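One structure is given here, and the rest of the page talks about it.
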Amino acid sequence: MSYEMKGTVKVIMDLQEFDSGFTKREFVITTEDKYPQDVKFETVRERTNICAAIKVGQVVNVSFDVRGNEYKERFYVNLNCWKAVVIDAEKSTQSDKPEYTTDDPPADDTAPSGSKSVESETEDYPF
């Protein structure tokens, strides 16, 4: 199941590369709710270039899936971003390119297309 959330980009973190070849990049948006929240999303593998198309301060609409797993009897939840659309093009330094999309949302709710299963991905996380 896919979800969407709108907010202002607060932080874009550096690309993380692991020995296994797995890559991820995280970013945080601040929601525009009555009580704003800072929400962290992650992008993995080829989708890490989503972060290259957005800038701090831009208002974006993020499409994402909720991913959960267990590792060593601890439970983790990640918000896996697969699309980010810039809403406020005035703040964009790339006003001619206000949207970044990859493929449509992953067909399989448990893993992005062409990726390993959730169980095998947990081995790549350095917990």
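By convention here, the chains of the structure tokens are called A, B, ... in the order presented, each chain's residues are numbered starting at 1, and ligands are numbered starting at 1 in the order presented.
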Can you pull out every residue within 8 Å of Val59 (chain A), counting only C-alpha atoms, but drop anything in the same chain fewer than 3 positions away, and send it as an mmCIF file with N, CA and C atoms, in the first residue's frame?
```cif
data_model
loop_
_atom_site.group_PDB
_atom_site.id
_atom_site.type_symbol
_atom_site.label_atom_id
_atom_site.label_comp_id
_atom_site.auth_asym_id
_atom_site.auth_seq_id
_atom_site.Cartn_x
_atom_site.Cartn_y
_atom_site.Cartn_z
ATOM 1 N N LYS A 6 2.902 15.573 2.450
ATOM 2 C CA LYS A 6 3.408 16.854 1.963
ATOM 3 C C LYS A 6 4.150 17.566 3.084
ATOM 4 N N GLY A 7 5.259 18.203 2.737
ATOM 5 C CA GLY A 7 6.011 18.959 3.724
ATOM 6 C C GLY A 7 7.185 19.677 3.094
ATOM 7 N N THR A 8 7.906 20.405 3.928
ATOM 8 C CA THR A 8 9.075 21.170 3.506
ATOM 9 C C THR A 8 10.333 20.375 3.818
ATOM 10 N N VAL A 9 11.211 20.256 2.832
ATOM 11 C CA VAL A 9 12.458 19.510 3.024
ATOM 12 C C VAL A 9 13.310 20.231 4.059
ATOM 13 N N VAL A 86 8.135 18.205 -6.428
ATOM 14 C CA VAL A 86 8.293 19.544 -5.866
ATOM 15 C C VAL A 86 6.994 20.306 -6.090
ATOM 16 N N ILE A 87 6.417 20.825 -5.005
ATOM 17 C CA ILE A 87 5.163 21.577 -5.073
ATOM 18 C C ILE A 87 5.444 23.058 -5.236
ATOM 19 N N ASP A 88 6.419 23.578 -4.518
ATOM 20 C CA ASP A 88 6.738 24.992 -4.516
ATOM 21 C C ASP A 88 7.917 25.241 -5.440
#
```
Looking at only C-alpha atoms, which of A:Arg45, A:Glu4, A:Leu79, A:Val60 is the one that sits closest to Thr30 (chain A)? A:Val60
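Going from CA of Pro36 (chain A) over to CA of Gly57 (chain A), you cover 14.9 Å.
Residues in contact with Phe22 (chain A) at up to 8 Å, not including ones fewer than 3 positions away on its chain and judged by only C-alpha atoms, are Glu17, Phe18, Asp19, Val44, Arg45 and Asp124 of chain A.
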Restricting to only C-alpha atoms, whichever of A:Val56, A:Ile29, A:Gly21, A:Asn80 is closest to Thr43 (chain A) is A:Asn80
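Minimum atom-to-atom distances from A:Lys40, A:Lys10, A:Arg67, A:Arg74 to Ile54 (chain A) were compared using only C-alpha atoms, and the lowest value belongs to A:Lys10.
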Excluding same-chain residues fewer than 5 positions from Ser2 (chain A), what lies within 7 Å of it counting only C-alpha atoms, as a list in words? Ser63, Phe64 and Asp65 of chain A
